[in-house]
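Structure file work26.txt (compact mmCIF, C-alpha atoms) is printed below.
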# COMPACT_ATOMS: atom_id res chain seq x y z
CA MET E 129 160.59 85.71 65.72
CA THR E 130 159.83 87.85 62.68
CA ALA E 131 158.79 86.31 59.38
CA LEU E 132 162.12 87.31 57.86
CA GLU E 133 163.99 85.60 60.68
CA ARG E 134 161.93 82.47 60.07
CA LEU E 135 162.61 82.74 56.34
CA PHE E 136 166.37 83.11 56.74
CA ALA E 137 166.43 80.14 59.13
CA THR E 138 164.83 77.85 56.53
CA ALA E 139 166.95 74.97 55.25
CA PRO E 140 168.56 75.78 51.89
CA LEU E 141 167.97 72.35 50.36
CA ILE E 142 165.46 69.48 50.40
CA GLU E 143 165.16 66.26 48.40
CA ARG E 144 165.24 67.58 44.86
CA GLU E 145 162.41 65.34 43.59
CA GLU E 146 160.06 67.02 46.10
CA VAL E 147 160.85 70.58 45.08
CA LEU E 148 158.57 71.14 42.10
CA PRO E 149 155.46 69.30 43.39
CA ARG E 150 155.62 71.27 46.63
CA MET E 151 156.32 74.54 44.80
CA ARG E 152 153.24 74.03 42.64
CA ARG E 153 151.09 73.33 45.71
CA LEU E 154 152.47 76.46 47.37
CA LEU E 155 151.66 78.62 44.35
CA GLU E 156 148.14 77.19 44.25
CA ALA E 157 147.73 78.01 47.95
CA LEU E 158 148.76 81.59 47.17
CA GLY E 159 146.18 81.90 44.40
CA SER E 160 148.50 81.11 41.46
CA PRO E 161 150.22 84.51 41.30
CA ASP E 162 152.26 83.33 38.30
CA ALA E 163 149.19 82.73 36.13
CA GLY E 164 148.95 86.17 34.54
CA LEU E 165 152.66 86.87 34.14
CA ARG E 166 154.63 86.70 30.88
CA ILE E 167 157.86 85.17 32.06
CA VAL E 168 161.32 85.07 30.48
CA HIS E 169 163.03 82.12 32.19
CA VAL E 170 166.85 82.24 32.08
CA ALA E 171 169.26 79.41 32.94
CA GLY E 172 172.95 78.79 32.23
CA THR E 173 176.34 78.90 33.92
CA ASN E 174 177.81 82.28 32.97
CA ALA E 175 176.22 85.57 31.87
CA LYS E 176 172.83 84.69 33.39
CA GLY E 177 172.71 87.92 35.34
CA THR E 178 173.86 90.02 32.41
CA THR E 179 171.22 88.47 30.15
CA CYS E 180 168.53 89.01 32.79
CA ALA E 181 169.52 92.66 33.27
CA LEU E 182 169.36 93.20 29.50
CA CYS E 183 165.93 91.56 29.23
CA ASN E 184 164.70 93.67 32.12
CA ALA E 185 165.98 96.92 30.60
CA LEU E 186 164.37 96.06 27.26
CA LEU E 187 161.02 95.15 28.83
CA MET E 188 161.01 98.35 30.90
CA GLN E 189 160.76 100.26 27.62
CA THR E 190 157.19 98.99 27.14
CA GLY E 191 155.84 100.85 30.16
CA ARG E 192 153.80 97.77 31.07
CA GLY E 193 155.79 96.89 34.17
CA ALA E 194 158.71 94.52 34.54
CA GLY E 195 159.73 92.35 37.47
CA LEU E 196 163.25 90.97 37.87
CA PHE E 197 164.15 88.00 40.09
CA THR E 198 167.85 87.13 40.39
CA SER E 199 170.24 85.37 42.74
CA PRO E 200 172.41 85.62 44.67
CA TYR E 201 172.00 89.16 45.88
CA LEU E 202 175.07 91.37 45.76
CA GLN E 203 174.81 93.82 48.67
CA HIS E 204 171.38 93.50 50.29
CA PHE E 205 168.82 90.70 50.24
CA THR E 206 166.09 92.97 48.85
CA GLU E 207 167.94 93.06 45.51
CA ARG E 208 166.53 89.60 44.71
CA ILE E 209 163.13 91.10 43.83
CA LEU E 210 163.01 94.25 41.70
CA ILE E 211 159.92 95.91 40.25
CA ASN E 212 160.58 98.39 37.44
CA GLY E 213 164.22 98.47 38.47
CA LYS E 214 163.62 99.19 42.16
CA PRO E 215 163.91 96.83 45.18
CA LEU E 216 161.08 96.31 47.62
CA SER E 217 161.34 97.68 51.15
CA GLU E 218 162.25 95.43 54.08
CA ASP E 219 158.71 95.96 55.41
CA ALA E 220 157.33 94.64 52.11
CA TRP E 221 159.65 91.64 52.40
CA GLU E 222 158.40 90.98 55.93
CA GLY E 223 154.80 90.97 54.76
CA LEU E 224 155.51 88.72 51.79
CA ALA E 225 157.52 86.31 53.93
CA ARG E 226 154.71 86.02 56.46
CA ARG E 227 152.12 85.24 53.81
CA VAL E 228 154.29 82.72 51.99
CA LEU E 229 155.33 80.93 55.19
CA ASP E 230 151.71 80.74 56.31
CA ALA E 231 150.67 79.31 52.93
CA ALA E 232 153.54 76.81 53.07
CA ASP E 233 152.43 75.45 56.43
CA GLY E 234 151.34 71.84 55.94
CA ILE E 235 152.78 71.48 52.43
CA GLY E 236 156.07 70.03 53.64
CA PRO E 237 159.60 71.44 53.74
CA LEU E 238 160.54 73.81 50.95
CA PRO E 239 164.03 75.13 50.15
CA GLN E 240 164.68 78.70 51.20
CA PHE E 241 165.18 79.68 47.54
CA GLY E 242 161.73 78.28 46.70
CA LEU E 243 160.17 80.57 49.29
CA TYR E 244 161.97 83.52 47.71
CA CYS E 245 160.50 82.48 44.35
CA ALA E 246 156.97 82.42 45.75
CA MET E 247 157.45 85.82 47.39
CA ALA E 248 158.68 87.28 44.12
CA LEU E 249 155.72 85.96 42.13
CA LEU E 250 153.30 87.31 44.73
CA ALA E 251 154.99 90.72 44.61
CA PHE E 252 154.97 90.81 40.81
CA ALA E 253 151.31 89.81 40.57
CA GLU E 254 150.22 92.43 43.09
CA ALA E 255 152.30 95.13 41.41
CA ASP E 256 150.40 94.33 38.21
CA VAL E 257 153.50 93.97 36.07
CA GLU E 258 153.02 92.24 32.74
CA PHE E 259 156.56 90.89 32.25
CA VAL E 260 158.93 89.01 34.54
CA VAL E 261 162.58 88.10 34.03
CA TRP E 262 163.15 84.93 36.03
CA GLU E 263 166.66 83.65 36.78
CA THR E 264 167.19 80.05 37.87
CA GLY E 265 169.07 79.28 41.03
CA LEU E 266 170.87 75.99 40.44
CA GLY E 267 170.49 73.90 37.28
CA GLY E 268 166.95 73.98 35.96
CA LEU E 269 165.38 70.53 35.99
CA TYR E 270 164.72 70.53 39.75
CA ASP E 271 165.07 74.25 40.36
CA PRO E 272 162.14 75.94 42.16
CA THR E 273 161.90 78.50 39.34
CA SER E 274 160.81 75.70 37.00
CA ALA E 275 157.42 75.51 38.73
CA VAL E 276 156.12 78.30 36.46
CA MET E 277 155.06 78.25 32.83
CA PRO E 278 157.26 80.74 30.96
CA ALA E 279 156.46 82.57 27.74
CA VAL E 280 160.03 82.12 26.48
CA CYS E 281 163.23 80.49 27.78
CA ALA E 282 166.89 81.41 27.40
CA ILE E 283 170.03 79.41 28.16
CA THR E 284 173.28 81.32 28.51
CA PRO E 285 176.79 79.82 28.08
CA ILE E 286 177.21 76.54 29.93
CA ALA E 287 180.46 75.48 31.59
CA LEU E 288 181.60 73.23 34.42
CA ASP E 289 180.14 74.42 37.71
CA HIS E 290 178.32 72.80 40.63
CA GLN E 291 179.43 69.39 39.34
CA ALA E 292 178.38 67.61 42.54
CA GLN E 293 174.77 68.61 41.92
CA LEU E 294 174.60 68.84 38.13
CA GLY E 295 177.05 66.32 36.68
CA ASP E 296 180.75 65.99 35.97
CA ASN E 297 180.72 67.03 32.31
CA VAL E 298 179.15 69.84 30.32
CA ALA E 299 176.74 67.58 28.42
CA LEU E 300 175.20 66.37 31.69
CA ILE E 301 175.08 69.91 33.02
CA ALA E 302 173.37 71.02 29.81
CA GLN E 303 170.67 68.41 30.33
CA GLN E 304 170.02 69.82 33.80
CA LYS E 305 169.93 73.40 32.53
CA ALA E 306 167.57 72.37 29.73
CA GLY E 307 165.12 71.34 32.43
CA ILE E 308 163.63 74.85 32.23
CA LEU E 309 162.36 74.16 28.70
CA LYS E 310 158.63 73.53 28.36
CA PRO E 311 156.67 71.81 25.57
CA GLY E 312 155.89 74.24 22.78
CA VAL E 313 157.50 77.23 24.54
CA PRO E 314 160.08 79.04 22.35
CA CYS E 315 163.67 79.03 23.57
CA CYS E 316 166.91 80.77 22.69
CA PHE E 317 170.48 79.59 23.23
CA ALA E 318 173.67 81.61 23.55
CA PRO E 319 176.65 80.26 21.56
CA GLN E 320 177.75 76.95 23.11
CA SER E 321 180.37 74.28 22.66
CA PRO E 322 179.30 71.65 20.08
CA GLU E 323 178.44 69.01 22.70
CA VAL E 324 176.35 71.46 24.72
CA GLN E 325 174.60 72.79 21.62
CA THR E 326 173.70 69.24 20.62
CA ALA E 327 172.36 68.44 24.09
CA LEU E 328 170.23 71.60 24.15
CA GLU E 329 168.86 71.11 20.65
CA ASP E 330 168.00 67.48 21.42
CA ALA E 331 166.15 68.55 24.57
CA ALA E 332 164.20 71.22 22.69
CA ARG E 333 163.37 68.87 19.83
CA THR E 334 162.09 66.18 22.21
CA ILE E 335 159.42 68.51 23.63
CA ALA E 336 158.76 70.48 20.41
CA ALA E 337 160.10 73.72 21.84
CA PRO E 338 160.87 76.06 18.90
CA ILE E 339 164.40 77.48 18.91
CA LEU E 340 164.55 81.23 18.28
CA ALA E 341 167.33 82.51 16.05
CA THR E 342 169.67 85.25 17.21
CA CYS E 343 171.05 87.93 14.93
CA ALA E 344 174.56 89.32 14.71
CA HIS E 345 174.68 93.01 15.57
CA ASN E 346 177.01 95.86 16.45
CA LEU E 347 174.68 97.69 18.81
CA PRO E 348 176.50 99.80 21.42
CA CYS E 349 175.80 98.77 25.02
CA HIS E 350 176.79 100.22 28.38
CA LEU E 351 177.88 96.75 29.50
CA GLN E 352 181.30 95.72 28.25
CA GLY E 353 183.43 92.65 27.80
CA PRO E 354 183.60 89.36 25.90
CA GLY E 355 180.22 87.78 25.46
CA VAL E 356 178.12 90.91 25.95
CA ALA E 357 177.16 91.03 22.28
CA ASP E 358 175.93 87.44 22.55
CA SER E 359 173.94 88.29 25.68
CA VAL E 360 172.36 91.25 23.88
CA ALA E 361 171.42 89.01 20.95
CA VAL E 362 169.78 86.45 23.24
CA ALA E 363 167.91 89.11 25.20
CA LEU E 364 166.66 90.77 22.02
CA ALA E 365 165.47 87.46 20.59
CA CYS E 366 163.54 86.65 23.77
CA VAL E 367 162.01 90.08 24.31
CA GLN E 368 161.08 90.67 20.69
CA HIS E 369 159.32 87.31 20.68
CA LEU E 370 157.03 88.88 23.29
CA ILE E 371 156.68 92.42 21.97
CA ASP E 372 157.98 94.64 19.19
CA LEU E 373 160.42 97.32 20.26
CA SER E 374 161.49 100.26 18.13
CA PRO E 375 165.19 100.89 17.43
CA ALA E 376 164.98 103.91 19.74
CA GLN E 377 163.61 101.77 22.58
CA VAL E 378 166.34 99.19 22.11
CA ALA E 379 169.02 101.87 22.08
CA ASN E 380 167.56 103.46 25.23
CA ALA E 381 167.59 100.11 27.04
CA LEU E 382 171.18 99.31 26.05
CA THR E 383 172.30 102.77 27.18
CA ARG E 384 170.59 102.54 30.57
CA VAL E 385 171.23 98.92 31.52
CA ARG E 386 173.55 98.25 34.45
CA TRP E 387 174.74 95.03 36.09
CA PRO E 388 176.87 95.83 39.14
CA GLY E 389 179.91 93.73 39.91
CA ARG E 390 180.39 92.41 36.39
CA LEU E 391 183.32 94.07 34.63
CA GLU E 392 182.59 97.14 36.72
CA TRP E 393 185.30 99.79 36.86
CA VAL E 394 185.38 101.87 40.03
CA GLY E 395 187.51 104.85 39.10
CA ASP E 396 190.56 104.09 36.97
CA ASP E 397 192.27 101.59 39.24
CA LEU E 398 189.71 99.01 40.45
CA LEU E 399 187.79 96.44 38.40
CA LEU E 400 185.12 94.34 40.11
CA ASP E 401 183.98 91.10 38.50
CA GLY E 402 182.09 88.13 39.89
CA ALA E 403 183.90 85.44 37.87
CA HIS E 404 183.70 82.35 40.07
CA ASN E 405 184.61 79.51 37.74
CA PRO E 406 187.45 78.94 35.26
CA ALA E 407 185.36 79.68 32.16
CA ALA E 408 184.31 83.07 33.52
CA ALA E 409 187.87 83.76 34.70
CA GLU E 410 189.20 83.01 31.22
CA MET E 411 186.76 85.55 29.75
CA LEU E 412 187.89 88.09 32.34
CA ALA E 413 191.54 87.41 31.41
CA CYS E 414 190.70 87.97 27.73
CA TYR E 415 189.09 91.28 28.62
CA LEU E 416 192.11 92.40 30.66
CA GLN E 417 194.47 91.51 27.83
CA SER E 418 192.29 93.45 25.37
CA GLN E 419 192.61 96.59 27.52
CA ASN E 420 196.42 96.68 27.27
CA LEU E 421 196.73 97.13 31.02
CA PRO E 422 200.01 96.80 32.89
CA PRO E 423 200.23 93.71 35.10
CA VAL E 424 197.57 94.07 37.81
CA THR E 425 197.18 93.13 41.44
CA LEU E 426 194.67 90.30 41.74
CA LEU E 427 192.44 90.47 44.79
CA LEU E 428 190.94 86.99 44.96
CA GLY E 429 188.28 85.44 47.17
CA ALA E 430 186.53 82.14 46.55
CA LEU E 431 183.87 79.77 47.83
CA ASP E 432 183.85 76.01 47.37
CA HIS E 433 184.26 76.22 43.60
CA ASP E 434 187.34 75.55 41.46
CA ALA E 435 189.39 78.23 43.20
CA GLU E 436 192.68 77.06 41.68
CA GLY E 437 191.16 77.10 38.20
CA VAL E 438 190.07 80.71 38.62
CA ALA E 439 193.53 81.73 39.82
CA ARG E 440 195.29 79.76 37.07
CA ALA E 441 193.32 81.57 34.36
CA LEU E 442 194.17 85.01 35.74
CA ILE E 443 197.81 84.60 36.82
CA PRO E 444 199.16 85.65 33.37
CA THR E 445 197.53 89.08 33.82
CA CYS E 446 199.03 89.98 37.18
CA ALA E 447 202.18 90.99 39.04
CA GLY E 448 201.01 89.86 42.46
CA ILE E 449 198.05 88.33 44.29
CA ILE E 450 196.25 89.08 47.52
CA THR E 451 193.72 86.55 48.77
CA THR E 452 190.86 87.40 51.09
CA THR E 453 187.85 85.69 52.67
CA PRO E 454 184.41 86.53 51.20
CA PRO E 455 181.58 86.91 53.73
CA SER E 456 179.99 83.49 53.28
CA PRO E 457 179.93 80.31 55.39
CA ARG E 458 181.19 78.50 52.30
CA ALA E 459 184.18 80.82 51.85
CA LEU E 460 187.65 79.40 51.37
CA PRO E 461 189.82 81.05 54.08
CA ALA E 462 192.28 83.55 52.67
CA ALA E 463 195.34 81.77 54.05
CA ASP E 464 194.23 78.43 52.57
CA TYR E 465 193.61 80.02 49.18
CA ALA E 466 197.03 81.70 49.27
CA ALA E 467 198.69 78.37 50.04
CA ARG E 468 197.00 76.76 47.05
CA ILE E 469 198.00 79.60 44.71
CA ARG E 470 201.64 79.47 45.80
CA GLY E 471 201.76 76.03 44.22
CA LEU E 472 200.76 77.56 40.87
CA THR E 473 203.09 80.56 40.56
CA ASP E 474 206.31 82.21 41.71
CA LEU E 475 204.58 85.60 41.95
CA PRO E 476 204.20 87.17 45.40
CA VAL E 477 201.03 85.97 47.15
CA GLU E 478 199.70 87.54 50.35
CA SER E 479 196.57 86.86 52.40
CA VAL E 480 194.46 89.48 54.19
CA SER E 481 191.28 87.99 55.64
CA ASP E 482 189.09 91.11 55.73
CA PRO E 483 188.04 92.22 52.21
CA ALA E 484 188.12 95.96 52.98
CA ALA E 485 191.57 95.67 54.53
CA ALA E 486 192.71 93.55 51.57
CA LEU E 487 191.60 96.31 49.21
CA LEU E 488 193.61 98.89 51.17
CA ARG E 489 196.66 96.65 50.98
CA ALA E 490 196.16 96.18 47.22
CA ARG E 491 195.90 99.93 46.69
CA ALA E 492 199.16 100.45 48.57
CA LEU E 493 200.94 98.45 45.85
CA GLY E 494 200.14 101.13 43.26
CA ARG E 495 198.93 98.87 40.45
CA PRO E 496 195.48 98.49 38.88
CA ILE E 497 193.45 96.06 40.96
CA VAL E 498 191.14 93.29 39.74
CA ALA E 499 188.89 91.96 42.51
CA THR E 500 187.21 88.70 41.54
CA GLY E 501 186.51 85.08 42.35
CA SER E 502 183.14 85.46 44.08
CA LEU E 503 180.10 87.73 43.97
CA PHE E 504 180.20 87.65 47.78
CA LEU E 505 183.61 89.33 47.63
CA VAL E 506 182.37 91.88 45.09
CA GLY E 507 179.33 92.65 47.25
CA ALA E 508 181.50 93.15 50.34
CA LEU E 509 183.77 95.56 48.47
CA ARG E 510 180.84 97.49 47.01
CA ASN E 511 179.41 97.86 50.51
CA ALA E 512 182.79 99.01 51.84
CA LEU E 513 182.97 101.57 49.04
CA GLU E 514 179.31 102.58 49.60
CA LEU E 515 178.39 102.01 45.95
CA PRO E 516 174.66 101.99 45.13
CA PHE E 517 173.04 98.95 43.53
CA GLU E 518 171.54 99.89 40.16
CA VAL E 519 170.31 97.67 37.31
CA TYR E 520 168.77 100.48 35.26
CA HIS E 521 170.00 104.06 35.10
CA PHE E 522 167.16 106.49 35.60
CA ASP E 523 167.48 110.19 34.76
CA ASP E 524 168.72 112.14 37.75
Serialized structure, structure tokens:
Amino acid sequence: MTALERLFATAPLIEREEVLPRMRRLLEALGSPDAGLRIVHVAGTNAKGTTCALCNALLMQTGRGAGLFTSPYLQHFTERILINGKPLSEDAWEGLARRVLDAADGIGPLPQFGLYCAMALLAFAEADVEFVVWETGLGGLYDPTSAVMPAVCAITPIALDHQAQLGDNVALIAQQKAGILKPGVPCCFAPQSPEVQTALEDAARTIAAPILATCAHNLPCHLQGPGVADSVAVALACVQHLIDLSPAQVANALTRVRWPGRLEWVGDDLLLDGAHNPAAAEMLACYLQSQNLPPVTLLLGALDHDAEGVARALIPTCAGIITTTPPSPRALPAADYAARIRGLTDLPVESVSDPAAALLRARALGRPIVATGSLFLVGALRNALELPFEVYHFDD
């Protein structure tokens, strides 16, 4: 069995109280690869990936090397670990997996995501990058990413998501997300609801973590949609806490940044977006309404999230719905999703299990198409369309 096969067979979860102690022992066994890295740690519910991509693009302007660790991957597992905007090879992943699994032997079970974290830190340290953008997996308080000491922390908009693990209201979820904060380490918050803002400020105050201010701006950015300006403001506050960038460097970063599968138009008739909870779906609906589009065809796929809430937010924008099954063991079958949606609307609802076939069916209807509900669906469609994964646009 290869190291990658062993890695992918690892259990996804362990007792959460054991995660961080074991992660710290693993990093020590690997020689503390995190020790020399200046890390921007990002948590939140929505816009985490966008904020991370922006931080990465800004830090790449320094020429000092930037690593980016995000999850989940969109099209290929190597996208989790990027160095200066480029993924590692599968051979490099095999080597990293072998070393991390060997170091983990005897420490006790670790979640699969924690092993990915250790591999990323090892790769970043050996590539001699100075900066790392570090996205949490789930929550923050018990997340494997919280084993490191960041230089600055950011928390993006918080909404209801993963309630079974994080809590059944946004204040409780905010407390979990605030688990990434460290004593004395500056932090920055995207605009939040009053109860979330209070919870975050209380958490920061308790550990004397200074809160960085964000500034209103009208900077043009390649990324579009509601909330992007806030993500830019958070990313700028975090990055410029670490290093001064010139206006030209900022403009270059905002021109070149990419974040596939988030408000991504493919031609004139297909919009891909990974909105997987009602709050993100509501922002997507606002964007669609701002574009003065005719009623669209919704191509929806969902996992074990609030699938009805996503559909409910988007129904006012559409003339018909096609459900499909994203490629994930947690996927809600297309026929089951269609049955649930039929209880919400009188619009025509079809189900086509295969995502590529569902896209062909949607195109046959002749309306603009919005494919959303899960990043797993977006990734499957991008693979079917043979679209390259790109987080930073290099000159051709």
Just the number, please: distance in Å from CA of Pro272 in chain E to CA of Ala306 in chain E, one decimal.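 Interatomic distance, CA of Pro272 in chain E to CA of Ala306 in chain E: 14.0 Å.
Distance-wise, CA of Thr284 in chain E and CA of Val170 in chain E end up 7.4 Å apart.
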Looking at all atoms listed in the file, which of E:Asp271, E:Glu436, E:Glu518, E:Asp372 is the one that sits closest to Gln240 in chain E?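 Once distances to Gln240 in chain E are computed over all atoms listed in the file, the minimum belongs to E:Asp271.
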If we count only C-alpha atoms and set the cut-off at 12 Å, which residues sit around Gly164 in chain E, ignoring sequence neighbours fewer than 6 positions away in its own chain? Please answer as a PyMOL selection string. chain E and resi 249-250+252-260+276-279
Å distance separating CA of Lys305 in chain E from CA of Ala336 in chain E, one decimal place: 16.7 Å
Could you list, with a cut-off of 10 Å and counting only C-alpha atoms, the residues of range 290-336 of chain E near range 342-357 of chain E, each shown with its nearest atom pair and the distance in Å rounded to one decimal, rows sorted by chain and ascending number, as a Markdown table?
| residue | atom | partner | partner_atom | distance |
| --- | --- | --- | --- | --- |
| E:Cys316 | CA | E:Thr342 | CA | 7.6 |
| E:Phe317 | CA | E:Thr342 | CA | 8.3 |
| E:Ala318 | CA | E:Thr342 | CA | 8.3 |
| E:Pro319 | CA | E:Gly355 | CA | 9.2 |
Set the distance at 7 Å and use only C-alpha atoms: which residues neighbour range 151-155 of chain E once local chain neighbours fewer than 5 positions away are removed? I'd like the list as a PDB file with C-alpha atoms, in the coordinates of the input.
ATOM      1  CA  SER E 160     148.500  81.110  41.460  1.00  0.00           C
ATOM      2  CA  PRO E 161     150.220  84.510  41.300  1.00  0.00           C
ATOM      3  CA  ALA E 231     150.670  79.310  52.930  1.00  0.00           C
ATOM      4  CA  ALA E 232     153.540  76.810  53.070  1.00  0.00           C
ATOM      5  CA  GLY E 242     161.730  78.280  46.700  1.00  0.00           C
ATOM      6  CA  ALA E 246     156.970  82.420  45.750  1.00  0.00           C
ATOM      7  CA  PRO E 272     162.140  75.940  42.160  1.00  0.00           C
ATOM      8  CA  ALA E 275     157.420  75.510  38.730  1.00  0.00           C
TER       9      ALA E 275
END
Pick out the residues sitting within 9 Å of Leu364 in chain E, and hand them over as a list in words; count only C-alpha atoms, and ignore anything fewer than 3 positions along from it in its own chain. Leu182, Cys183, Leu186, Thr342, Cys343, Ser359, Val360, Ala361, Val367, Gln368, His369 and Val378 of chain E
When you count all atoms listed in the file, which of these residues is closest to Phe522 in chain E: E:Val385, E:Ala459, E:Leu187, E:Leu370? E:Val385
Which is closest to Val424 in chain E among E:Ala248, E:Ala408, E:Leu398, E:Leu158, if we use only C-alpha atoms?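 Looking only at the distances to Val424 in chain E, the closest residue turns out to be E:Leu398.
The list of residues with at least one atom within 10 Å of Gly501 in chain E, based on all atoms listed in the file and without residues fewer than 4 positions apart in the same chain, reads Leu400, Asp401, Gly402, Ala403, His404, Asn405, Pro406, Ala408, Ala409, Leu426, Leu427, Leu428, Gly429, Ala430, Leu431, His433, Asp434, Ala435, Val438, Ala439, Thr451, Pro454, Leu505 and Val506 of chain E.
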C-alpha atoms of the current selection, written as a short mmCIF file (atom, residue, chain, number, x, y, z; two decimals), keeping the file's coordinate frame:
data_model
loop_
_atom_site.label_atom_id
_atom_site.label_comp_id
_atom_site.auth_asym_id
_atom_site.auth_seq_id
_atom_site.Cartn_x
_atom_site.Cartn_y
_atom_site.Cartn_z
CA LEU E 400 185.12 94.34 40.11
CA ASP E 401 183.98 91.10 38.50
CA GLY E 402 182.09 88.13 39.89
CA ALA E 403 183.90 85.44 37.87
CA HIS E 404 183.70 82.35 40.07
CA ASN E 405 184.61 79.51 37.74
CA PRO E 406 187.45 78.94 35.26
CA ALA E 408 184.31 83.07 33.52
CA ALA E 409 187.87 83.76 34.70
CA LEU E 426 194.67 90.30 41.74
CA LEU E 427 192.44 90.47 44.79
CA LEU E 428 190.94 86.99 44.96
CA GLY E 429 188.28 85.44 47.17
CA ALA E 430 186.53 82.14 46.55
CA LEU E 431 183.87 79.77 47.83
CA HIS E 433 184.26 76.22 43.60
CA ASP E 434 187.34 75.55 41.46
CA ALA E 435 189.39 78.23 43.20
CA VAL E 438 190.07 80.71 38.62
CA ALA E 439 193.53 81.73 39.82
CA THR E 451 193.72 86.55 48.77
CA PRO E 454 184.41 86.53 51.20
CA LEU E 505 183.61 89.33 47.63
CA VAL E 506 182.37 91.88 45.09
#
Per-residue nearest contacts range 366-398 of chain E to range 205-222 of chain E, cut-off 12 Å, using all atoms listed in the file, as a tab-separated table:
residue	atom	partner	partner_atom	distance
E:Arg384	CA	E:Gly213	CA	10.9
E:Val385	CA	E:Gly213	CA	9.9
E:Arg386	CA	E:Gly213	CA	10.2
E:Trp387	CA	E:Gly213	CA	11.3
E:Pro388	CA	E:Glu207	CA	11.3
Counting only C-alpha atoms, I want the residues whose atoms come within 12 Å of (190.6, 98.5, 53.8) in the file frame, returned as a ChimeraX atom specification. /E:452,480-492,508-513
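When all atoms listed in the file are used to measure the gap to Pro516 in chain E, the shortest distance among E:Gln304, E:Thr273, E:Gln419, E:Gln203 belongs to E:Gln203.
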What lies within 12 Å of Val477 in chain E using all atoms listed in the file, ignoring chain neighbours under 6 positions off, as a compact mmCIF listing (two decimals) with C-alpha atoms, in the frame of the given file?
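Here's the written file around.txt:
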# COMPACT_ATOMS: atom_id res chain seq x y z
CA THR E 425 197.18 93.13 41.44
CA LEU E 426 194.67 90.30 41.74
CA LEU E 427 192.44 90.47 44.79
CA LEU E 428 190.94 86.99 44.96
CA ALA E 439 193.53 81.73 39.82
CA ILE E 443 197.81 84.60 36.82
CA CYS E 446 199.03 89.98 37.18
CA ALA E 447 202.18 90.99 39.04
CA GLY E 448 201.01 89.86 42.46
CA ILE E 449 198.05 88.33 44.29
CA ILE E 450 196.25 89.08 47.52
CA THR E 451 193.72 86.55 48.77
CA THR E 452 190.86 87.40 51.09
CA ALA E 462 192.28 83.55 52.67
CA ALA E 463 195.34 81.77 54.05
CA ASP E 464 194.23 78.43 52.57
CA TYR E 465 193.61 80.02 49.18
CA ALA E 466 197.03 81.70 49.27
CA ALA E 467 198.69 78.37 50.04
CA ARG E 468 197.00 76.76 47.05
CA ILE E 469 198.00 79.60 44.71
CA ARG E 470 201.64 79.47 45.80
CA GLY E 471 201.76 76.03 44.22
CA ALA E 490 196.16 96.18 47.22
For Pro239 in chain E, the closest of E:Val298, E:Ile167, E:Leu266, E:Cys366 counting only C-alpha atoms is E:Leu266
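Take the candidates E:Val280, E:Glu263, E:Tyr415, E:Asp330 and check each one against Lys310 in chain E using only C-alpha atoms; the shortest distance goes to E:Val280.
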